[in-house]
file final_20.pdb (PDB, C-alpha atoms)
ATOM      1  CA  MET A 138     117.886  83.787 104.436
ATOM      2  CA  THR A 139     118.688  84.105 100.776
ATOM      3  CA  ASP A 140     116.084  86.245  99.157
ATOM      4  CA  ASP A 141     116.084  88.545  96.173
ATOM      5  CA  GLY A 142     115.508  91.356  98.672
ATOM      6  CA  ASN A 143     115.948  94.481  96.551
ATOM      7  CA  ASP A 144     114.288  92.914  93.551
ATOM      8  CA  ASP A 145     111.343  91.823  95.714
ATOM      9  CA  GLY A 146     110.983  95.353  97.083
ATOM     10  CA  ALA A 147     110.735  96.635  93.513
ATOM     11  CA  LEU A 148     108.133  93.973  92.758
ATOM     12  CA  ILE A 149     106.010  95.132  95.686
ATOM     13  CA  ALA A 150     106.292  98.739  94.468
ATOM     14  CA  GLU A 151     105.032  97.599  91.050
ATOM     15  CA  ILE A 152     102.233  95.561  92.634
ATOM     16  CA  ARG A 153     101.106  98.671  94.523
ATOM     17  CA  ASN A 154     100.782 100.353  91.139
ATOM     18  CA  GLY A 155      98.603  97.477  89.961
ATOM     19  CA  SER A 156     101.162  95.487  87.934
ATOM     20  CA  GLU A 157      99.839  91.959  87.416
ATOM     21  CA  ARG A 158     103.147  90.988  85.758
ATOM     22  CA  ALA A 159     104.986  91.776  89.004
ATOM     23  CA  PHE A 160     102.358  89.856  90.960
ATOM     24  CA  ASN A 161     102.873  86.798  88.746
ATOM     25  CA  VAL A 162     106.630  86.954  89.356
ATOM     26  CA  LEU A 163     106.025  87.261  93.108
ATOM     27  CA  ILE A 164     103.767  84.198  93.109
ATOM     28  CA  ASP A 165     106.215  82.127  91.063
ATOM     29  CA  ARG A 166     109.114  83.151  93.273
ATOM     30  CA  HIS A 167     107.553  82.518  96.678
ATOM     31  CA  GLN A 168     104.764  79.969  96.177
ATOM     32  CA  GLN A 169     106.939  77.007  97.203
ATOM     33  CA  ALA A 170     108.032  78.637 100.471
ATOM     34  CA  VAL A 171     104.497  79.684 101.425
ATOM     35  CA  ARG A 172     102.903  76.380 100.393
ATOM     36  CA  GLY A 173     105.650  74.395 102.130
ATOM     37  CA  PHE A 174     105.240  76.420 105.331
ATOM     38  CA  LEU A 175     101.460  75.972 105.399
ATOM     39  CA  ARG A 176     101.625  72.280 104.531
ATOM     40  CA  ARG A 177     103.865  71.678 107.515
ATOM     41  CA  LEU A 178     101.538  73.657 109.793
ATOM     42  CA  LEU A 179      98.250  72.142 108.680
ATOM     43  CA  ALA A 180      97.682  68.432 108.265
ATOM     44  CA  ASP A 181      95.093  69.051 105.561
ATOM     45  CA  VAL A 182      96.905  69.606 102.231
ATOM     46  CA  ALA A 183      93.802  71.031 100.536
ATOM     47  CA  GLU A 184      93.339  73.573 103.329
ATOM     48  CA  ALA A 185      97.038  74.480 103.164
ATOM     49  CA  GLU A 186      96.743  75.116  99.415
ATOM     50  CA  ASP A 187      93.579  77.149  99.964
ATOM     51  CA  LEU A 188      95.294  79.318 102.579
ATOM     52  CA  ALA A 189      98.382  79.700 100.375
ATOM     53  CA  GLN A 190      96.149  81.123  97.638
ATOM     54  CA  GLU A 191      94.466  83.400 100.186
ATOM     55  CA  THR A 192      97.907  84.568 101.349
ATOM     56  CA  PHE A 193      98.735  85.819  97.854
ATOM     57  CA  VAL A 194      95.301  87.415  97.472
ATOM     58  CA  VAL A 195      96.010  89.363 100.685
ATOM     59  CA  ALA A 196      99.483  90.232  99.347
ATOM     60  CA  TRP A 197      97.807  91.780  96.284
ATOM     61  CA  THR A 198      95.033  93.602  98.127
ATOM     62  CA  HIS A 199      97.226  94.750 101.048
ATOM     63  CA  ALA A 200     100.557  95.360  99.282
ATOM     64  CA  ASP A 201     100.652  98.692 101.141
ATOM     65  CA  SER A 202     101.095  96.835 104.416
ATOM     66  CA  TYR A 203     104.616  95.766 103.378
ATOM     67  CA  ARG A 204     106.876  98.176 105.274
ATOM     68  CA  GLY A 205     110.153  97.069 103.716
ATOM     69  CA  ASP A 206     111.931  96.365 107.024
ATOM     70  CA  ALA A 207     111.852  92.583 106.468
ATOM     71  CA  SER A 208     112.167  90.344 103.420
ATOM     72  CA  VAL A 209     109.102  89.879 101.245
ATOM     73  CA  ARG A 210     109.225  86.154 101.985
ATOM     74  CA  SER A 211     109.008  86.915 105.732
ATOM     75  CA  TRP A 212     106.060  89.220 105.082
ATOM     76  CA  LEU A 213     104.269  86.518 103.051
ATOM     77  CA  CYS A 214     104.989  83.888 105.704
ATOM     78  CA  ALA A 215     103.611  86.260 108.365
ATOM     79  CA  ILE A 216     100.354  86.575 106.396
ATOM     80  CA  ALA A 217     100.286  82.784 105.984
ATOM     81  CA  TRP A 218     100.899  82.312 109.718
ATOM     82  CA  ARG A 219      97.943  84.546 110.653
ATOM     83  CA  LYS A 220      95.749  82.647 108.183
ATOM     84  CA  ALA A 221      96.893  79.300 109.614
ATOM     85  CA  ARG A 222      96.208  80.427 113.187
ATOM     86  CA  SER A 223      92.674  81.552 112.405
ATOM     87  CA  ALA A 224      92.062  78.366 110.395
ATOM     88  CA  GLN A 225      93.269  76.295 113.326
ATOM     89  CA  ARG A 226      91.030  78.174 115.770
ATOM     90  CA  ALA A 227      88.073  77.708 113.415
ATOM     91  CA  TRP A 228      88.908  74.017 113.130
ATOM     92  CA  PHE A 229      88.927  73.600 116.929
ATOM     93  CA  ARG A 230      85.611  75.488 117.197
ATOM     94  CA  ARG A 231      84.106  73.325 114.459
ATOM     95  CA  ARG A 232      85.384  70.163 116.093
ATOM     96  CA  ALA A 233      84.007  71.203 119.475
ATOM     97  CA  ARG A 234      80.641  72.055 117.929
ATOM     98  CA  GLU A 235      80.258  68.961 115.830
ATOM     99  CA  ALA A 236      82.140  66.649 118.217
ATOM    100  CA  THR A 237      83.620  64.793 115.286
ATOM    101  CA  TRP A 238      86.975  63.667 116.470
ATOM    102  CA  ALA A 239      87.718  61.157 113.772
ATOM    103  CA  THR A 240      89.040  63.310 110.958
ATOM    104  CA  ASP A 241      91.191  61.173 108.778
ATOM    105  CA  VAL A 242      93.923  63.726 108.146
ATOM    106  CA  ALA A 243      96.692  61.147 108.114
ATOM    107  CA  ALA A 244      95.509  59.852 104.765
ATOM    108  CA  GLN A 245      95.889  63.302 103.231
ATOM    109  CA  VAL A 246      99.510  63.822 104.241
ATOM    110  CA  GLU A 247     101.887  63.297 101.353
ATOM    111  CA  PRO A 248     104.224  60.331 101.721
ATOM    112  CA  ALA A 249     107.609  61.155 103.240
ATOM    113  CA  PRO A 250     110.715  60.349 101.189
ATOM    114  CA  SER A 251     111.992  57.682 103.628
ATOM    115  CA  PRO A 252     110.698  55.728 106.669
ATOM    116  CA  GLU A 253     112.991  57.771 108.919
ATOM    117  CA  ALA A 254     111.644  61.012 107.413
ATOM    118  CA  ALA A 255     108.105  59.699 107.890
ATOM    119  CA  VAL A 256     108.785  59.306 111.612
ATOM    120  CA  VAL A 257     110.143  62.874 111.747
ATOM    121  CA  THR A 258     107.073  64.151 109.891
ATOM    122  CA  ARG A 259     104.738  62.415 112.358
ATOM    123  CA  ALA A 260     106.715  63.716 115.338
ATOM    124  CA  LEU A 261     106.686  67.230 113.883
ATOM    125  CA  ASP A 262     102.926  67.071 113.348
ATOM    126  CA  ALA A 263     102.496  66.146 117.021
ATOM    127  CA  LEU A 264     104.177  69.384 118.210
ATOM    128  CA  PRO A 265     102.098  72.399 119.271
ATOM    129  CA  ILE A 266     101.596  74.703 116.272
ATOM    130  CA  GLU A 267     103.867  77.474 117.645
ATOM    131  CA  GLN A 268     106.792  75.069 118.111
ATOM    132  CA  ARG A 269     106.116  73.486 114.739
ATOM    133  CA  ALA A 270     106.063  76.879 113.028
ATOM    134  CA  ALA A 271     109.309  77.935 114.730
ATOM    135  CA  ILE A 272     111.043  74.682 113.696
ATOM    136  CA  VAL A 273     109.755  74.902 110.117
ATOM    137  CA  LEU A 274     110.880  78.514 109.746
ATOM    138  CA  CYS A 275     114.263  78.274 111.480
ATOM    139  CA  VAL A 276     115.398  74.748 110.630
ATOM    140  CA  ILE A 277     113.644  73.819 107.390
ATOM    141  CA  GLN A 278     113.216  77.188 105.673
ATOM    142  CA  GLY A 279     116.433  78.754 106.954
ATOM    143  CA  PHE A 280     115.025  81.953 108.491
ATOM    144  CA  SER A 281     116.981  83.482 111.355
ATOM    145  CA  HIS A 282     115.441  83.479 114.842
ATOM    146  CA  ALA A 283     114.852  87.236 114.516
ATOM    147  CA  GLU A 284     113.054  86.810 111.190
ATOM    148  CA  ALA A 285     110.951  83.967 112.605
ATOM    149  CA  ALA A 286     110.054  86.182 115.588
ATOM    150  CA  GLU A 287     108.918  88.879 113.169
ATOM    151  CA  ILE A 288     106.853  86.397 111.150
ATOM    152  CA  LEU A 289     105.204  84.791 114.178
ATOM    153  CA  GLY A 290     104.696  88.106 115.949
ATOM    154  CA  ALA A 291     106.408  86.694 119.045
ATOM    155  CA  PRO A 292     109.368  87.874 121.152
ATOM    156  CA  LEU A 293     112.787  86.605 120.052
ATOM    157  CA  GLY A 294     113.305  84.686 123.295
ATOM    158  CA  THR A 295     109.986  82.894 122.864
ATOM    159  CA  VAL A 296     110.915  81.775 119.354
ATOM    160  CA  LYS A 297     114.336  80.535 120.512
ATOM    161  CA  SER A 298     112.590  78.642 123.284
ATOM    162  CA  HIS A 299     110.050  77.154 120.821
ATOM    163  CA  VAL A 300     112.889  75.939 118.577
ATOM    164  CA  ALA A 301     114.855  74.457 121.487
ATOM    165  CA  ARG A 302     111.829  72.785 123.087
ATOM    166  CA  GLY A 303     110.542  71.581 119.733
ATOM    167  CA  LYS A 304     113.888  70.018 118.872
ATOM    168  CA  ALA A 305     114.090  68.415 122.312
ATOM    169  CA  ARG A 306     110.621  66.913 121.892
ATOM    170  CA  LEU A 307     111.477  65.669 118.414
ATOM    171  CA  LEU A 308     114.709  64.082 119.647
ATOM    172  CA  ASP A 309     112.765  62.567 122.507
ATOM    173  CA  ALA A 310     110.129  61.172 120.153
ATOM    174  CA  LEU A 311     112.758  59.884 117.752
ATOM    175  CA  GLY A 312     114.980  58.394 120.420
ATOM    176  CA  GLY A 313     114.046  54.877 119.398
ATOM    177  CA  HIS A 314     114.898  55.503 115.771
ATOM    178  CA  ALA A 315     118.560  56.499 116.183
TER     179      ALA A 315
ATOM    180  CA  MET B  50     119.839  60.653 117.444
ATOM    181  CA  THR B  51     121.994  63.770 117.297
ATOM    182  CA  ASP B  52     120.899  67.354 116.748
ATOM    183  CA  GLU B  53     122.682  67.402 113.370
ATOM    184  CA  LYS B  54     120.947  64.220 112.216
ATOM    185  CA  LEU B  55     117.560  65.653 113.237
ATOM    186  CA  GLU B  56     118.198  68.875 111.304
ATOM    187  CA  GLN B  57     119.340  66.834 108.318
ATOM    188  CA  LEU B  58     116.123  64.793 108.383
ATOM    189  CA  LEU B  59     113.969  67.885 108.788
ATOM    190  CA  ARG B  60     115.656  69.565 105.826
ATOM    191  CA  ALA B  61     115.178  66.419 103.752
ATOM    192  CA  ASP B  62     111.483  67.195 103.967
ATOM    193  CA  VAL B  63     111.436  68.872 100.571
ATOM    194  CA  ALA B  64     109.219  71.823  99.705
ATOM    195  CA  PRO B  65     106.305  71.081  97.374
ATOM    196  CA  ALA B  66     107.160  71.304  93.685
ATOM    197  CA  ARG B  67     106.395  74.570  91.890
ATOM    198  CA  ASP B  68     102.830  74.308  90.680
ATOM    199  CA  PRO B  69     102.099  76.210  87.447
ATOM    200  CA  LEU B  70      98.376  76.023  88.190
ATOM    201  CA  PHE B  71      98.803  77.714  91.566
ATOM    202  CA  ARG B  72      99.242  81.159  89.978
ATOM    203  CA  ILE B  73      96.141  80.624  87.853
ATOM    204  CA  ALA B  74      94.188  79.586  90.962
ATOM    205  CA  VAL B  75      95.255  82.784  92.789
ATOM    206  CA  LEU B  76      94.400  85.011  89.807
ATOM    207  CA  THR B  77      91.018  83.281  89.372
ATOM    208  CA  ARG B  78      90.282  83.878  93.044
ATOM    209  CA  LEU B  79      91.182  87.559  92.672
ATOM    210  CA  GLU B  80      89.022  87.931  89.555
ATOM    211  CA  ARG B  81      86.074  86.265  91.270
ATOM    212  CA  ARG B  82      86.462  88.596  94.226
ATOM    213  CA  ARG B  83      86.595  91.662  91.941
ATOM    214  CA  PHE B  84      83.478  90.471  90.123
ATOM    215  CA  TRP B  85      81.497  90.070  93.333
ATOM    216  CA  ARG B  86      82.747  93.437  94.616
ATOM    217  CA  GLN B  87      81.469  95.075  91.429
ATOM    218  CA  ILE B  88      78.135  93.290  91.769
ATOM    219  CA  ALA B  89      77.918  94.424  95.391
ATOM    220  CA  ALA B  90      78.700  98.001  94.332
ATOM    221  CA  ILE B  91      75.996  97.942  91.659
ATOM    222  CA  VAL B  92      73.456  96.416  94.032
ATOM    223  CA  GLY B  93      74.456  99.007  96.635
ATOM    224  CA  ILE B  94      73.893 101.878  94.207
ATOM    225  CA  GLU B  95      70.558 100.368  93.151
ATOM    226  CA  ALA B  96      69.498 100.067  96.785
ATOM    227  CA  TRP B  97      70.291 103.754  97.337
ATOM    228  CA  THR B  98      68.718 105.080  94.147
ATOM    229  CA  LEU B  99      65.712 102.781  93.884
ATOM    230  CA  PRO B 100      63.494 104.536  96.505
ATOM    231  CA  GLY B 101      64.164 107.910  94.871
ATOM    232  CA  ARG B 102      63.388 106.567  91.423
ATOM    233  CA  PHE B 103      60.215 104.924  92.718
ATOM    234  CA  LEU B 104      59.136 108.221  94.293
ATOM    235  CA  LEU B 105      59.698 110.046  90.980
ATOM    236  CA  TYR B 106      57.611 107.364  89.240
ATOM    237  CA  VAL B 107      54.766 107.814  91.751
ATOM    238  CA  VAL B 108      54.913 111.613  91.352
ATOM    239  CA  SER B 109      54.810 111.306  87.571
ATOM    240  CA  CYS B 110      51.815 108.927  87.814
ATOM    241  CA  VAL B 111      49.956 111.347  90.108
ATOM    242  CA  ARG B 112      50.688 114.221  87.707
ATOM    243  CA  SER B 113      49.450 112.238  84.717
ATOM    244  CA  VAL B 114      46.195 111.400  86.570
ATOM    245  CA  ARG B 115      45.633 115.085  87.441
ATOM    246  CA  LEU B 116      46.152 116.103  83.827
TER     247      LEU B 116
END
call {"tool": "encode", "arguments": {"input": "final_20.pdb", "output": "structure tokens"}}
result
Amino acid sequence: MTDDGNDDGALIAEIRNGSERAFNVLIDRHQQAVRGFLRRLLADVAEAEDLAQETFVVAWTHADSYRGDASVRSWLCAIAWRKARSAQRAWFRRRAREATWATDVAAQVEPAPSPEAAVVTRALDALPIEQRAAIVLCVIQGFSHAEAAEILGAPLGTVKSHVARGKARLLDALGGHA
Amino acid sequence: MTDEKLEQLLRADVAPARDPLFRIAVLTRLERRRFWRQIAAIVGIEAWTLPGRFLLYVVSCVRSVRL
């Protein structure tokens, strides 16, 4: 994973001392990765953007929680992952309570660049969130399996299995589009 | 479809463009949170000091009546 590791560490040190300039640089540097990760996890773009903002608020208020043993991008994605998981649980609770099954999330998904990519996007959205997250981190965002395991708070073997099973399910779903 | 083709398609799913307003949205959210924390702190202090101040007021009223 290419990441301005040392530079990011210095940014976090400055953020701990209350530097808003460093915080602005951190946001500009990592917003695309965090927003991209959350958009792939959650079908609702507005909710993904909301959680991405919350992720950076947590990064500011809990900068002390960065231990320095992983990249800053991994740390941010880990915060985003926890936010996405709680949002998903809340969504399921809400859906169970209100019994409103017809949420038109498909209309909110941004158009894919090509019909083939649109099929991949739909197939990816159909995966369980853990498999989707593992695929997004390891295949799309270029994190190593170990980094993804750290982000998702899961054992390395589990993440490898999520990636393999996710890919198999995607290939299965896309079989007709070869 | 091959594994390579799948990975290629997945990677073609580009990240969202850098949004200059995103930073402003985060900073606004932080400011709003700070504001409400300050309000909560003030209200908290008021809640602690108000009974004492009210008691002092009552005592001063009683004293003024006695005089």
call {"tool": "resolve_selection", "arguments": {"input": "final_20.pdb", "expression": "the PyMOL selection byres ((chain A) within 10 of (chain B))", "output": "PyMOL selection string"}}
result
chain A and resi 157+160-174+176-177+186-187+189-195+197-198+247+249-251+253-258+261+272-273+276-279+304-305+307-309+311-315
call {"tool": "atom_distance", "arguments": {"input": "final_20.pdb", "atom1": "atom CA of B:Ile94", "atom2": "atom CA of A:Ile152"}}
result
29.1 Å
call {"tool": "resolve_selection", "arguments": {"input": "final_20.pdb", "expression": "the PyMOL selection byres ((chain A and resi 179) around 12)", "output": "number ranges by chain"}}
result
A: 172-178, 180-189, 217-218, 220-226, 228, 242-243, 245-246, 258, 261-267, 269-270, 273
call {"tool": "atom_distance", "arguments": {"input": "final_20.pdb", "atom1": "atom CA of A:Val300", "atom2": "atom CA of A:Ala285"}}
result
10.2 Å
call {"tool": "resolve_selection", "arguments": {"input": "final_20.pdb", "expression": "the PyMOL selection byres ((chain A and resi 145) around 12)", "output": "PyMOL selection string"}}
result
chain A and resi 139-144+146-152+159-160+162-167+200+203+205+207-213
call {"tool": "atom_distance", "arguments": {"input": "final_20.pdb", "atom1": "atom CA of A:Asn154", "atom2": "atom CA of B:Trp85"}}
result
22.0 Å
call {"tool": "decode", "arguments": {"input": "final_20.pdb", "residues": "stretch 277-291 of chain A", "atoms": "all heavy atoms", "output": "CSV table (one decimal), in the first residue's frame"}}
result
chain,number,residue,atom,x,y,z
A,277,ILE,N,-9.5,-3.6,-4.6
A,277,ILE,CA,-9.7,-2.2,-5.2
A,277,ILE,C,-8.7,-1.2,-4.6
A,277,ILE,O,-8.1,-0.5,-5.3
A,277,ILE,CB,-11.2,-1.8,-4.9
A,277,ILE,CG1,-12.1,-2.7,-5.7
A,277,ILE,CG2,-11.4,-0.4,-5.5
A,277,ILE,CD1,-13.6,-2.5,-5.4
A,278,GLN,N,-8.6,-1.3,-3.2
A,278,GLN,CA,-7.8,-0.2,-2.6
A,278,GLN,C,-6.3,-0.6,-2.4
A,278,GLN,O,-5.5,0.2,-2.0
A,278,GLN,CB,-8.4,0.2,-1.3
A,278,GLN,CG,-9.7,0.8,-1.4
A,278,GLN,CD,-10.0,1.9,-0.4
A,278,GLN,OE1,-9.3,2.0,0.6
A,278,GLN,NE2,-11.0,2.7,-0.7
A,279,GLY,N,-6.0,-1.9,-2.7
A,279,GLY,CA,-4.6,-2.3,-2.7
A,279,GLY,C,-3.9,-2.6,-1.4
A,279,GLY,O,-2.7,-2.6,-1.2
A,280,PHE,N,-4.7,-2.7,-0.3
A,280,PHE,CA,-4.2,-3.1,1.0
A,280,PHE,C,-3.7,-4.6,1.0
A,280,PHE,O,-4.3,-5.4,0.2
A,280,PHE,CB,-5.2,-2.9,2.1
A,280,PHE,CG,-5.5,-1.5,2.5
A,280,PHE,CD1,-6.6,-0.8,2.1
A,280,PHE,CD2,-4.6,-0.8,3.3
A,280,PHE,CE1,-6.9,0.5,2.4
A,280,PHE,CE2,-4.9,0.5,3.7
A,280,PHE,CZ,-6.0,1.1,3.3
A,281,SER,N,-2.8,-4.9,1.8
A,281,SER,CA,-2.4,-6.3,1.9
A,281,SER,C,-3.4,-7.0,2.7
A,281,SER,O,-4.2,-6.4,3.4
A,281,SER,CB,-1.0,-6.4,2.6
A,281,SER,OG,-1.1,-6.0,3.9
A,282,HIS,N,-3.4,-8.4,2.7
A,282,HIS,CA,-4.3,-9.1,3.5
A,282,HIS,C,-4.1,-8.8,5.0
A,282,HIS,O,-5.1,-8.7,5.8
A,282,HIS,CB,-4.1,-10.6,3.3
A,282,HIS,CG,-4.7,-11.1,2.0
A,282,HIS,ND1,-3.9,-11.5,1.0
A,282,HIS,CD2,-5.9,-11.2,1.5
A,282,HIS,CE1,-4.6,-11.8,-0.1
A,282,HIS,NE2,-5.9,-11.6,0.2
A,283,ALA,N,-2.9,-8.6,5.4
A,283,ALA,CA,-2.5,-8.3,6.8
A,283,ALA,C,-3.1,-7.0,7.2
A,283,ALA,O,-3.7,-6.8,8.3
A,283,ALA,CB,-1.0,-8.4,7.0
A,284,GLU,N,-3.0,-6.0,6.3
A,284,GLU,CA,-3.5,-4.7,6.6
A,284,GLU,C,-5.0,-4.7,6.7
A,284,GLU,O,-5.6,-4.1,7.6
A,284,GLU,CB,-3.1,-3.7,5.5
A,284,GLU,CG,-1.6,-3.2,5.7
A,284,GLU,CD,-1.2,-2.4,4.5
A,284,GLU,OE1,-1.5,-2.7,3.3
A,284,GLU,OE2,-0.6,-1.3,4.7
A,285,ALA,N,-5.6,-5.5,5.8
A,285,ALA,CA,-7.1,-5.6,5.8
A,285,ALA,C,-7.6,-6.2,7.1
A,285,ALA,O,-8.6,-5.9,7.6
A,285,ALA,CB,-7.6,-6.4,4.6
A,286,ALA,N,-6.8,-7.3,7.5
A,286,ALA,CA,-7.2,-8.0,8.8
A,286,ALA,C,-7.1,-7.0,9.9
A,286,ALA,O,-8.0,-7.0,10.8
A,286,ALA,CB,-6.2,-9.1,9.0
A,287,GLU,N,-6.1,-6.1,9.9
A,287,GLU,CA,-6.0,-5.1,11.0
A,287,GLU,C,-7.2,-4.1,10.9
A,287,GLU,O,-7.8,-3.8,12.0
A,287,GLU,CB,-4.7,-4.3,10.8
A,287,GLU,CG,-4.3,-3.3,11.8
A,287,GLU,CD,-3.8,-4.0,13.1
A,287,GLU,OE1,-3.3,-5.1,13.1
A,287,GLU,OE2,-4.1,-3.3,14.2
A,288,ILE,N,-7.5,-3.7,9.7
A,288,ILE,CA,-8.6,-2.7,9.6
A,288,ILE,C,-10.0,-3.3,10.0
A,288,ILE,O,-10.7,-2.7,10.7
A,288,ILE,CB,-8.7,-2.3,8.1
A,288,ILE,CG1,-7.5,-1.4,7.7
A,288,ILE,CG2,-10.0,-1.5,7.8
A,288,ILE,CD1,-7.4,-1.2,6.2
A,289,LEU,N,-10.2,-4.6,9.6
A,289,LEU,CA,-11.5,-5.2,9.9
A,289,LEU,C,-11.6,-5.8,11.3
A,289,LEU,O,-12.6,-6.3,11.7
A,289,LEU,CB,-11.8,-6.3,8.8
A,289,LEU,CG,-11.8,-5.8,7.3
A,289,LEU,CD1,-12.0,-6.9,6.4
A,289,LEU,CD2,-12.9,-4.7,7.1
A,290,GLY,N,-10.4,-5.9,11.9
A,290,GLY,CA,-10.4,-6.5,13.3
A,290,GLY,C,-10.7,-8.0,13.2
A,290,GLY,O,-11.3,-8.5,14.1
A,291,ALA,N,-10.2,-8.6,12.1
A,291,ALA,CA,-10.5,-10.1,11.9
A,291,ALA,C,-9.2,-10.8,11.8
A,291,ALA,O,-8.2,-10.2,11.4
A,291,ALA,CB,-11.4,-10.2,10.7
